[in-house]
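Text of structure_20.txt (compact mmCIF, C-alpha atoms) as supplied:
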```txt
# COMPACT_ATOMS: atom_id res chain seq x y z
CA MET A 1 -76.12 -113.10 -7.60
CA ASN A 2 -73.25 -115.30 -6.44
CA ILE A 3 -71.61 -113.83 -3.33
CA ALA A 4 -68.29 -114.97 -1.86
CA ILE A 5 -67.81 -114.19 1.84
CA PHE A 6 -64.23 -114.37 3.11
CA THR A 7 -63.67 -114.52 6.88
CA PRO A 8 -60.62 -115.51 8.97
CA ASN A 9 -62.61 -117.98 11.11
CA GLN A 10 -65.37 -120.45 10.34
CA ASN A 11 -68.13 -120.07 12.95
CA PRO A 12 -66.84 -118.50 16.20
CA TYR A 13 -69.57 -118.10 18.81
CA SER A 14 -68.84 -114.40 19.30
CA GLU A 15 -69.18 -113.46 15.60
CA THR A 16 -72.92 -113.93 15.11
CA PHE A 17 -73.01 -110.78 12.95
CA ILE A 18 -70.94 -112.60 10.30
CA GLN A 19 -73.24 -115.62 10.52
CA ALA A 20 -76.15 -113.24 9.85
CA HIS A 21 -74.48 -112.16 6.61
CA LYS A 22 -74.06 -115.79 5.59
CA ASN A 23 -77.61 -116.76 6.49
CA PHE A 24 -79.68 -113.76 5.42
CA LEU A 25 -78.08 -112.18 2.36
CA GLN A 26 -80.06 -112.99 -0.78
CA GLY A 27 -78.21 -114.92 -3.46
CA GLU A 28 -75.97 -117.95 -3.65
CA ILE A 29 -73.51 -117.67 -0.75
CA PHE A 30 -70.03 -119.21 -0.94
CA TYR A 31 -68.42 -119.03 2.49
CA TYR A 32 -64.61 -119.13 2.44
CA TYR A 33 -62.94 -119.33 5.86
CA GLY A 34 -59.41 -119.46 7.23
CA ARG A 35 -56.11 -117.79 6.40
CA LYS A 36 -53.21 -120.18 5.89
CA HIS A 37 -55.41 -122.93 4.45
CA ILE A 38 -58.62 -121.31 3.21
CA GLN A 39 -61.56 -123.69 2.88
CA LEU A 40 -65.00 -123.40 1.28
CA GLU A 41 -67.77 -124.40 3.67
CA GLY A 42 -69.54 -127.51 2.46
CA LYS A 43 -66.54 -128.71 0.44
CA SER A 44 -64.02 -131.21 1.79
CA SER A 45 -61.21 -129.68 -0.27
CA LEU A 46 -60.75 -127.08 -3.02
CA SER A 47 -58.06 -129.11 -4.77
CA THR A 48 -56.63 -132.60 -5.10
CA SER A 49 -53.24 -133.60 -3.77
CA TRP A 50 -52.09 -134.01 -7.39
CA GLU A 51 -53.05 -130.39 -8.16
CA ARG A 52 -51.23 -129.09 -5.08
CA ASN A 53 -48.09 -131.08 -5.90
CA PHE A 54 -48.14 -129.79 -9.48
CA LEU A 55 -48.60 -126.18 -8.34
CA ASN A 56 -45.82 -126.57 -5.77
CA LEU A 57 -43.47 -127.78 -8.48
CA LYS A 58 -44.49 -124.84 -10.66
CA ARG A 59 -43.97 -122.43 -7.76
CA LYS A 60 -40.42 -123.66 -7.21
CA LEU A 61 -39.59 -123.80 -10.91
CA PHE A 62 -40.76 -120.28 -11.65
CA LYS A 63 -39.88 -118.85 -8.21
CA LYS A 64 -43.43 -117.82 -7.42
CA SER A 65 -44.52 -116.28 -4.10
CA PRO A 66 -45.35 -118.57 -1.12
CA ASN A 67 -49.06 -117.74 -1.62
CA PHE A 68 -49.04 -118.84 -5.26
CA ILE A 69 -50.61 -122.25 -4.58
CA GLN A 70 -53.48 -120.98 -2.45
CA GLU A 71 -54.18 -118.01 -4.74
CA THR A 72 -54.29 -120.23 -7.83
CA ILE A 73 -56.68 -122.68 -6.15
CA LEU A 74 -58.94 -119.88 -4.90
CA LEU A 75 -59.03 -118.09 -8.27
CA LYS A 76 -60.08 -121.37 -9.88
CA SER A 77 -62.83 -121.78 -7.25
CA LEU A 78 -64.11 -118.21 -7.73
CA ASN A 79 -64.26 -118.74 -11.50
CA LYS A 80 -65.90 -122.16 -11.18
CA ASN A 81 -68.59 -120.77 -8.88
CA LYS A 82 -69.13 -117.73 -11.12
CA ILE A 83 -68.71 -115.30 -8.24
CA ASP A 84 -70.12 -111.82 -8.94
CA VAL A 85 -69.01 -109.96 -5.82
CA ILE A 86 -66.92 -110.49 -2.69
CA LEU A 87 -67.61 -109.48 0.92
CA VAL A 88 -64.51 -109.53 3.12
CA GLU A 89 -65.06 -109.60 6.87
CA TYR A 90 -62.42 -107.51 8.73
CA GLY A 91 -60.01 -104.99 7.26
CA THR A 92 -57.08 -107.16 8.33
CA HIS A 93 -58.38 -110.05 6.26
CA ALA A 94 -58.88 -107.80 3.24
CA HIS A 95 -55.26 -106.68 3.53
CA PHE A 96 -54.12 -110.33 3.70
CA LEU A 97 -56.25 -111.25 0.67
CA LEU A 98 -55.38 -108.18 -1.39
CA PRO A 99 -53.14 -109.94 -3.98
CA LEU A 100 -55.93 -112.48 -4.59
CA LEU A 101 -58.62 -109.78 -4.73
CA LYS A 102 -56.64 -107.80 -7.31
CA LYS A 103 -56.08 -110.87 -9.49
CA ALA A 104 -59.74 -111.87 -9.26
CA GLY A 105 -60.76 -108.48 -10.65
CA LEU A 106 -64.14 -108.64 -8.91
CA PRO A 107 -65.86 -105.82 -6.99
CA PHE A 108 -65.45 -106.27 -3.24
CA ILE A 109 -66.68 -104.76 0.01
CA VAL A 110 -64.56 -104.58 3.16
CA HIS A 111 -66.56 -104.83 6.38
CA PHE A 112 -64.70 -103.49 9.44
CA HIS A 113 -65.86 -104.70 12.85
CA GLY A 114 -63.83 -103.30 15.76
CA TYR A 115 -60.23 -104.13 16.61
CA ASP A 116 -59.25 -103.95 12.93
CA ALA A 117 -60.14 -100.24 12.89
CA SER A 118 -58.84 -99.32 16.34
CA VAL A 119 -55.79 -101.28 17.57
CA THR A 120 -52.81 -99.04 16.88
CA LYS A 121 -50.28 -101.81 16.11
CA VAL A 122 -52.74 -103.59 13.83
CA ILE A 123 -53.47 -100.43 11.84
CA LYS A 124 -49.76 -99.64 11.42
CA ALA A 125 -48.94 -103.25 10.47
CA HIS A 126 -51.49 -103.00 7.66
CA ASN A 127 -50.12 -99.67 6.42
CA TYR A 128 -53.26 -97.81 7.50
CA TYR A 129 -55.18 -99.90 4.94
CA GLU A 130 -53.96 -97.61 2.16
CA GLU A 131 -54.07 -100.30 -0.54
CA VAL A 132 -57.30 -101.76 0.81
CA PHE A 133 -59.07 -98.39 0.58
CA LEU A 134 -57.67 -97.86 -2.92
CA SER A 135 -58.87 -101.23 -4.25
CA ALA A 136 -62.16 -101.77 -2.39
CA SER A 137 -65.44 -100.84 -4.04
CA LYS A 138 -66.99 -99.93 -0.67
CA VAL A 139 -65.96 -99.93 2.99
CA ILE A 140 -68.40 -100.46 5.86
CA ALA A 141 -68.15 -98.97 9.36
CA VAL A 142 -70.47 -100.13 12.14
CA SER A 143 -70.30 -97.02 14.32
CA ARG A 144 -69.95 -93.25 13.88
CA LYS A 145 -66.68 -93.37 15.82
CA MET A 146 -65.33 -96.06 13.49
CA GLN A 147 -66.47 -94.00 10.52
CA GLU A 148 -64.44 -91.03 11.79
CA MET A 149 -61.37 -93.20 12.40
CA LEU A 150 -61.47 -94.77 8.92
CA LEU A 151 -61.80 -91.33 7.34
CA GLU A 152 -58.76 -90.16 9.35
CA MET A 153 -56.81 -93.16 8.02
CA GLY A 154 -57.54 -92.03 4.48
CA CYS A 155 -60.62 -93.94 3.39
CA PRO A 156 -62.30 -91.98 0.56
CA PRO A 157 -65.61 -90.56 1.89
CA GLU A 158 -67.49 -91.72 -1.21
CA LYS A 159 -66.52 -95.33 -0.47
CA LEU A 160 -67.38 -95.32 3.23
CA ILE A 161 -70.81 -96.46 4.43
CA TYR A 162 -72.21 -96.47 7.96
CA ASN A 163 -74.22 -99.63 8.64
CA VAL A 164 -74.83 -100.73 12.23
CA TYR A 165 -75.51 -104.40 12.98
CA GLY A 166 -78.99 -105.58 13.86
CA PRO A 167 -80.07 -108.13 16.49
CA HIS A 168 -81.74 -111.37 15.48
CA PRO A 169 -85.54 -110.86 15.29
CA GLU A 170 -86.07 -113.38 18.10
CA PHE A 171 -84.72 -110.80 20.57
CA LEU A 172 -87.53 -108.43 19.63
CA GLU A 173 -89.96 -111.17 20.61
CA VAL A 174 -88.70 -111.28 24.21
CA GLU A 175 -91.28 -110.02 26.69
CA PRO A 176 -89.37 -108.72 29.72
CA LYS A 177 -90.95 -109.42 33.10
CA PHE A 178 -88.44 -107.52 35.27
CA SER A 179 -89.10 -110.33 37.75
CA LYS A 180 -85.69 -110.37 39.43
CA LYS A 181 -83.35 -107.82 40.96
CA GLN A 182 -80.76 -109.06 38.54
CA PHE A 183 -78.30 -107.54 36.09
CA VAL A 184 -77.05 -109.53 33.11
CA ALA A 185 -73.84 -109.18 31.09
CA ILE A 186 -72.70 -111.27 28.13
CA GLY A 187 -69.54 -110.96 26.06
CA ARG A 188 -65.92 -111.93 25.80
CA PHE A 189 -63.85 -111.21 28.91
CA THR A 190 -61.44 -108.84 27.17
CA ASP A 191 -59.78 -105.52 27.93
CA LYS A 192 -62.21 -103.42 25.89
CA LYS A 193 -65.24 -104.86 27.70
CA ALA A 194 -63.57 -104.34 31.12
CA PRO A 195 -65.73 -106.89 32.99
CA TYR A 196 -63.84 -106.09 36.22
CA TYR A 197 -65.29 -102.56 36.17
CA THR A 198 -68.79 -104.02 35.92
CA ILE A 199 -68.06 -106.19 38.97
CA LEU A 200 -66.66 -103.22 40.90
CA ALA A 201 -69.71 -101.11 40.08
CA PHE A 202 -71.98 -103.98 41.12
CA LYS A 203 -70.09 -104.22 44.43
CA LYS A 204 -71.00 -100.60 45.18
CA ALA A 205 -74.64 -101.30 44.35
CA VAL A 206 -74.63 -104.38 46.64
CA GLU A 207 -73.71 -102.16 49.59
CA ASN A 208 -77.16 -100.54 49.26
CA TYR A 209 -79.07 -103.48 47.77
CA PRO A 210 -77.61 -106.67 49.26
CA ASP A 211 -80.21 -108.96 47.64
CA ILE A 212 -79.31 -108.22 43.99
CA LYS A 213 -77.54 -110.53 41.55
CA LEU A 214 -75.17 -110.18 38.60
CA ILE A 215 -75.12 -112.89 35.91
CA MET A 216 -72.12 -112.78 33.57
CA ALA A 217 -71.71 -115.04 30.55
CA GLY A 218 -68.82 -115.47 28.16
CA ASP A 219 -65.19 -116.53 28.04
CA GLY A 220 -61.86 -114.84 27.48
CA GLN A 221 -58.47 -113.88 28.85
CA LEU A 222 -59.86 -111.92 31.82
CA LEU A 223 -62.26 -114.61 33.05
CA ASN A 224 -59.88 -115.97 35.69
CA THR A 225 -59.07 -112.42 36.83
CA CYS A 226 -62.79 -111.76 37.30
CA GLN A 227 -63.28 -115.03 39.16
CA ASN A 228 -60.53 -113.98 41.57
CA LEU A 229 -62.03 -110.50 41.94
CA VAL A 230 -65.45 -111.95 42.78
CA ARG A 231 -63.85 -114.08 45.52
CA HIS A 232 -61.79 -111.18 46.82
CA LEU A 233 -64.88 -108.96 47.11
CA ASN A 234 -66.88 -111.77 48.78
CA LEU A 235 -69.47 -111.71 46.02
CA GLU A 236 -69.68 -115.46 45.33
CA LYS A 237 -73.35 -115.52 46.37
CA GLN A 238 -74.31 -112.49 44.26
CA VAL A 239 -72.22 -112.96 41.09
CA GLU A 240 -72.57 -115.97 38.81
CA LEU A 241 -70.14 -116.60 35.95
CA LEU A 242 -71.77 -118.95 33.47
CA GLY A 243 -69.17 -119.28 30.71
CA VAL A 244 -70.41 -119.46 27.11
CA ILE A 245 -74.20 -119.72 26.80
CA SER A 246 -76.65 -120.19 23.93
CA PRO A 247 -78.74 -117.36 22.44
CA GLU A 248 -81.80 -119.10 23.88
CA ARG A 249 -80.37 -118.98 27.40
CA TYR A 250 -79.39 -115.34 26.90
CA ARG A 251 -82.94 -114.43 25.89
CA GLU A 252 -84.23 -116.24 28.96
CA LEU A 253 -81.93 -114.17 31.19
CA LEU A 254 -82.97 -110.96 29.44
CA SER A 255 -86.64 -111.75 30.04
CA GLU A 256 -86.19 -111.87 33.81
CA SER A 257 -83.46 -109.26 34.42
CA LEU A 258 -83.67 -105.60 35.40
CA ALA A 259 -80.99 -104.37 32.97
CA PHE A 260 -78.02 -105.29 30.80
CA VAL A 261 -74.63 -104.03 32.03
CA GLN A 262 -71.29 -103.57 30.26
CA HIS A 263 -68.50 -101.12 31.05
CA SER A 264 -66.78 -100.86 27.65
CA ILE A 265 -63.55 -98.88 27.44
CA THR A 266 -60.75 -98.15 24.98
CA ALA A 267 -57.97 -100.60 25.81
CA ASN A 268 -54.33 -99.53 26.11
CA THR A 269 -53.73 -101.08 22.68
CA GLY A 270 -56.39 -98.79 21.21
CA ASP A 271 -58.84 -101.69 20.86
CA MET A 272 -62.45 -100.51 20.77
CA GLU A 273 -65.90 -101.94 20.25
CA GLY A 274 -67.73 -101.54 16.98
CA ALA A 275 -71.42 -101.62 17.83
CA PRO A 276 -71.67 -104.38 20.47
CA LEU A 277 -74.27 -106.89 19.32
CA ALA A 278 -75.11 -107.94 22.89
CA VAL A 279 -76.08 -104.32 23.63
CA LEU A 280 -78.36 -104.25 20.58
CA GLU A 281 -79.89 -107.59 21.57
CA ALA A 282 -80.57 -106.47 25.14
CA SER A 283 -82.23 -103.25 23.99
CA ALA A 284 -84.27 -105.20 21.40
CA ALA A 285 -85.45 -107.48 24.21
CA GLY A 286 -86.87 -104.47 26.02
CA ILE A 287 -84.58 -103.98 29.00
CA PRO A 288 -82.42 -100.89 29.61
CA VAL A 289 -78.70 -100.90 28.96
CA VAL A 290 -76.27 -99.58 31.57
CA SER A 291 -72.99 -98.90 29.82
CA THR A 292 -70.51 -96.22 28.74
CA PHE A 293 -70.09 -93.46 26.15
CA HIS A 294 -67.84 -95.75 24.13
CA ALA A 295 -67.51 -96.28 20.37
CA GLY A 296 -70.86 -97.25 18.83
CA ILE A 297 -72.78 -97.66 22.11
CA PRO A 298 -74.19 -94.08 22.19
CA ASP A 299 -75.24 -94.56 18.53
CA VAL A 300 -77.77 -97.18 19.60
CA ILE A 301 -78.41 -96.41 23.29
CA LEU A 302 -79.94 -93.01 24.02
CA ASN A 303 -78.79 -91.85 27.43
CA GLY A 304 -81.73 -91.27 29.75
CA LYS A 305 -84.19 -92.56 27.13
CA THR A 306 -83.29 -96.19 26.38
CA GLY A 307 -80.48 -96.70 28.88
CA LEU A 308 -78.04 -95.00 31.22
CA LEU A 309 -74.48 -94.24 30.11
CA CYS A 310 -71.43 -92.92 31.94
CA GLU A 311 -67.88 -92.01 31.02
CA GLU A 312 -65.32 -94.76 30.60
CA HIS A 313 -63.60 -95.83 33.87
CA ASP A 314 -66.22 -94.07 36.01
CA VAL A 315 -67.18 -96.99 38.23
CA ALA A 316 -69.02 -94.80 40.74
CA ALA A 317 -71.26 -93.34 38.01
CA MET A 318 -72.05 -96.80 36.67
CA ALA A 319 -72.98 -97.93 40.17
CA GLU A 320 -75.28 -94.91 40.53
CA ASN A 321 -76.97 -95.80 37.24
CA MET A 322 -77.52 -99.36 38.41
CA MET A 323 -78.99 -98.15 41.69
CA ALA A 324 -81.26 -95.66 39.89
CA LEU A 325 -82.95 -98.61 38.19
CA LEU A 326 -83.13 -100.62 41.40
CA ALA A 327 -84.80 -97.67 43.14
CA ASP A 328 -87.39 -97.19 40.40
CA PRO A 329 -88.44 -100.36 38.49
CA ASP A 330 -91.04 -98.34 36.55
CA PHE A 331 -88.23 -96.16 35.20
CA SER A 332 -86.40 -99.32 34.13
CA MET A 333 -89.51 -100.57 32.30
CA LYS A 334 -89.96 -97.19 30.60
CA LEU A 335 -86.37 -97.21 29.32
CA GLY A 336 -86.72 -100.80 28.15
CA GLU A 337 -89.92 -100.14 26.21
CA ALA A 338 -88.35 -97.13 24.48
CA GLY A 339 -85.27 -99.21 23.67
CA LYS A 340 -87.29 -101.92 21.98
CA ARG A 341 -89.05 -99.31 19.83
CA ASN A 342 -85.75 -97.66 18.95
CA ILE A 343 -84.13 -100.92 17.81
CA LYS A 344 -87.21 -102.01 15.87
CA VAL A 345 -87.37 -98.73 13.93
CA HIS A 346 -83.70 -97.82 13.47
CA PHE A 347 -81.45 -100.85 14.07
CA SER A 348 -83.20 -104.01 12.95
CA LEU A 349 -81.33 -106.90 11.36
CA GLU A 350 -83.63 -106.55 8.37
CA ARG A 351 -82.42 -102.96 7.84
CA HIS A 352 -78.75 -103.97 8.24
CA ILE A 353 -79.03 -106.80 5.71
CA ALA A 354 -81.10 -104.71 3.27
CA THR A 355 -78.44 -101.96 3.32
CA LEU A 356 -75.67 -104.48 2.72
CA GLN A 357 -77.67 -106.19 -0.03
CA ASP A 358 -78.27 -102.86 -1.75
CA ILE A 359 -74.53 -102.11 -1.73
CA LEU A 360 -73.72 -105.51 -3.23
CA ILE A 361 -76.26 -104.98 -6.01
CA LYS A 362 -75.04 -101.47 -6.82
CA ILE A 363 -71.36 -102.36 -7.11
CA THR A 364 -72.12 -105.21 -9.49
CA ALA A 365 -74.44 -103.15 -11.72
```

Could you quickly redo this structure as structure tokens?
Amino acid sequence: MNIAIFTPNQNPYSETFIQAHKNFLQGEIFYYYGRKHIQLEGKSSLSTSWERNFLNLKRKLFKKSPNFIQETILLKSLNKNKIDVILVEYGTHAHFLLPLLKKAGLPFIVHFHGYDASVTKVIKAHNYYEEVFLSASKVIAVSRKMQEMLLEMGCPPEKLIYNVYGPHPEFLEVEPKFSKKQFVAIGRFTDKKAPYYTILAFKKAVENYPDIKLIMAGDGQLLNTCQNLVRHLNLEKQVELLGVISPERYRELLSESLAFVQHSITANTGDMEGAPLAVLEASAAGIPVVSTFHAGIPDVILNGKTGLLCEEHDVAAMAENMMALLADPDFSMKLGEAGKRNIKVHFSLERHIATLQDILIKITA
């Protein structure tokens, strides 16, 4: 089976779930990335300058659409590579590619991930994905909340499939030592992850446990805000902001930490998580997750069994959950062990890929 994957970006560090599709799906994978100038990974160019000049002349002569050149080049590439099926990452990208997808006449899956199914302006700008739902063979949601929202937008129930991400198997191999009174957080510093709430909750915990630490990794628009907040709260000695780190470094931090923390919320724009991969990875590693009843988090974290959840914006409750683990390390270990079992049985990467592979096979049969 020859599979074309279309994604807006090539290899962003925060989109490891898309890299998993590229690396683990069975078949010949053709990875097309970009929007304005779509490229095929491993190829320097999809066309020659002579071809582009000829197509540009044809576009002007016959008054074709501005996308005529790119669509013609991509259709030629899909035919040359004998593509059987297309996987489009993000509903927004599927909407952008819709004229090409219709002309290609190939079955395609649209994989929603988070903002594309939740940001109000984005949904309206893409006409509630009406044409996407009509043309797609299948649509994938990564959380129960996302599934509900896509159904409300008009996605036909028979096309919609729930398929949560899975963490890389190496996270299941982590053996947590619970050796430090340390909380770890990793993710983009964005509104929906509300890193400032995590810092505020940690500040309350510090008042009772002054020797604890918070390690935060990632980058984003709220990083400078959080740096200022840490200084303002006099937490420079307790909070460390690492920037972007490798998966290996993340696993190292998980192996020594007491719990993973993230106070996810619905942003004012409507932006929501899908099923946060960092949450899945932390639970797979065998440490409890302290987070919120937000989007896909309660799908994968069982409150009181594999982690401790609170309502969005409830900083005091999050602080209490953090202190409950500090007061009883055995309880933390118990939650972590149950979390690892839960991920291994219900949310493995192998299961996620197998489900996606099965869909691809069925729609090409």

Separation of CA of Thr120 (chain A) from CA of Ser137 (chain A) in Å = 24.5 Å

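Remark: for Lys159 (chain A), the closest of the candidate residues A:Val110, A:Leu349, A:Val119, A:Ile361 is A:Val110 (distances computed over all atoms listed in the file).
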
Determine the nearest neighbour of His313 (chain A) from the options A:Gln147, A:Ser257, A:Thr198, A:Gln357, counting all atoms listed in the file.
-> A:Thr198

What gap, in Å, lies between CA of Lys102 (chain A) and CA of Ile5 (chain A)?
-> 15.8 Å

Spatial neighbours of Leu106 (chain A), 8 Å, all atoms listed in the file, chain gap at least 4 places, as a CSV table (one decimal) with C-alpha atoms, in the coordinates of the input:
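Result written to part.csv:
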```csv
chain,number,residue,atom,x,y,z
A,84,ASP,CA,-70.1,-111.8,-8.9
A,85,VAL,CA,-69.0,-110.0,-5.8
A,86,ILE,CA,-66.9,-110.5,-2.7
A,101,LEU,CA,-58.6,-109.8,-4.7
A,102,LYS,CA,-56.6,-107.8,-7.3
```

Interatomic distance, CA of Asn53 (chain A) to CA of Ile69 (chain A) (Å, one decimal) = 9.3 Å

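Distance check against Ser65 (chain A) using all atoms listed in the file: of A:Ile3, A:Pro99, A:Glu240, A:Val122, the minimum falls on A:Pro99.
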
Neighbour list for Ile140 (chain A) as a VMD selection string, cut-off 7 Å, all atoms listed in the file, skip fewer than 2 positions in-chain | chain A and resid 110 to 112 138 142 160 to 163

Those same residues - C-alpha atoms - I'd like them written as a tab-separated table (two decimals), in the coordinates of the input.
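Now in part_9.tsv:
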```tsv
chain	number	residue	atom	x	y	z
A	110	VAL	CA	-64.56	-104.58	3.16
A	111	HIS	CA	-66.56	-104.83	6.38
A	112	PHE	CA	-64.70	-103.49	9.44
A	138	LYS	CA	-66.99	-99.93	-0.67
A	142	VAL	CA	-70.47	-100.13	12.14
A	160	LEU	CA	-67.38	-95.32	3.23
A	161	ILE	CA	-70.81	-96.46	4.43
A	162	TYR	CA	-72.21	-96.47	7.96
A	163	ASN	CA	-74.22	-99.63	8.64
```

Working from the structure I just supplied, which lacks atoms in region 168-186 of chain A, can you model N, CA and C atoms there and output them as a compact mmCIF listing (two decimals), keeping the file's coordinate frame?
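part38.txt, freshly written:
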```txt
# COMPACT_ATOMS: atom_id res chain seq x y z
N HIS A 168 -80.85 -110.37 16.06
CA HIS A 168 -81.74 -111.37 15.48
C HIS A 168 -83.17 -111.05 15.90
N PRO A 169 -84.15 -111.20 14.99
CA PRO A 169 -85.54 -110.86 15.29
C PRO A 169 -86.11 -111.53 16.54
N GLU A 170 -85.57 -112.67 16.91
CA GLU A 170 -86.07 -113.38 18.10
C GLU A 170 -85.89 -112.56 19.38
N PHE A 171 -84.91 -111.64 19.38
CA PHE A 171 -84.72 -110.80 20.57
C PHE A 171 -85.84 -109.78 20.71
N LEU A 172 -86.40 -109.36 19.58
CA LEU A 172 -87.53 -108.43 19.63
C LEU A 172 -88.79 -109.10 20.17
N GLU A 173 -88.81 -110.42 20.11
CA GLU A 173 -89.96 -111.17 20.61
C GLU A 173 -89.93 -111.40 22.12
N VAL A 174 -88.81 -111.11 22.75
CA VAL A 174 -88.70 -111.28 24.21
C VAL A 174 -89.66 -110.33 24.91
N GLU A 175 -90.37 -110.84 25.89
CA GLU A 175 -91.28 -110.02 26.69
C GLU A 175 -90.71 -109.92 28.11
N PRO A 176 -90.02 -108.84 28.41
CA PRO A 176 -89.37 -108.72 29.72
C PRO A 176 -90.38 -108.66 30.87
N LYS A 177 -90.07 -109.39 31.93
CA LYS A 177 -90.95 -109.42 33.10
C LYS A 177 -90.40 -108.59 34.25
N PHE A 178 -89.10 -108.26 34.19
CA PHE A 178 -88.44 -107.52 35.27
C PHE A 178 -88.73 -108.20 36.61
N SER A 179 -88.68 -109.54 36.59
CA SER A 179 -89.10 -110.33 37.75
C SER A 179 -88.02 -110.50 38.81
N LYS A 180 -86.79 -110.18 38.47
CA LYS A 180 -85.69 -110.37 39.43
C LYS A 180 -84.84 -109.11 39.56
N LYS A 181 -84.31 -108.91 40.75
CA LYS A 181 -83.35 -107.82 40.96
C LYS A 181 -81.99 -108.32 40.46
N GLN A 182 -81.89 -108.38 39.17
CA GLN A 182 -80.76 -109.06 38.54
C GLN A 182 -80.26 -108.28 37.33
N PHE A 183 -78.94 -108.14 37.25
CA PHE A 183 -78.30 -107.54 36.09
C PHE A 183 -77.65 -108.66 35.28
N VAL A 184 -77.65 -108.51 33.96
CA VAL A 184 -77.05 -109.53 33.11
C VAL A 184 -76.00 -108.89 32.20
N ALA A 185 -74.92 -109.62 31.99
CA ALA A 185 -73.84 -109.18 31.09
C ALA A 185 -73.40 -110.39 30.27
N ILE A 186 -73.20 -110.19 28.97
CA ILE A 186 -72.70 -111.27 28.13
C ILE A 186 -71.68 -110.70 27.15
```
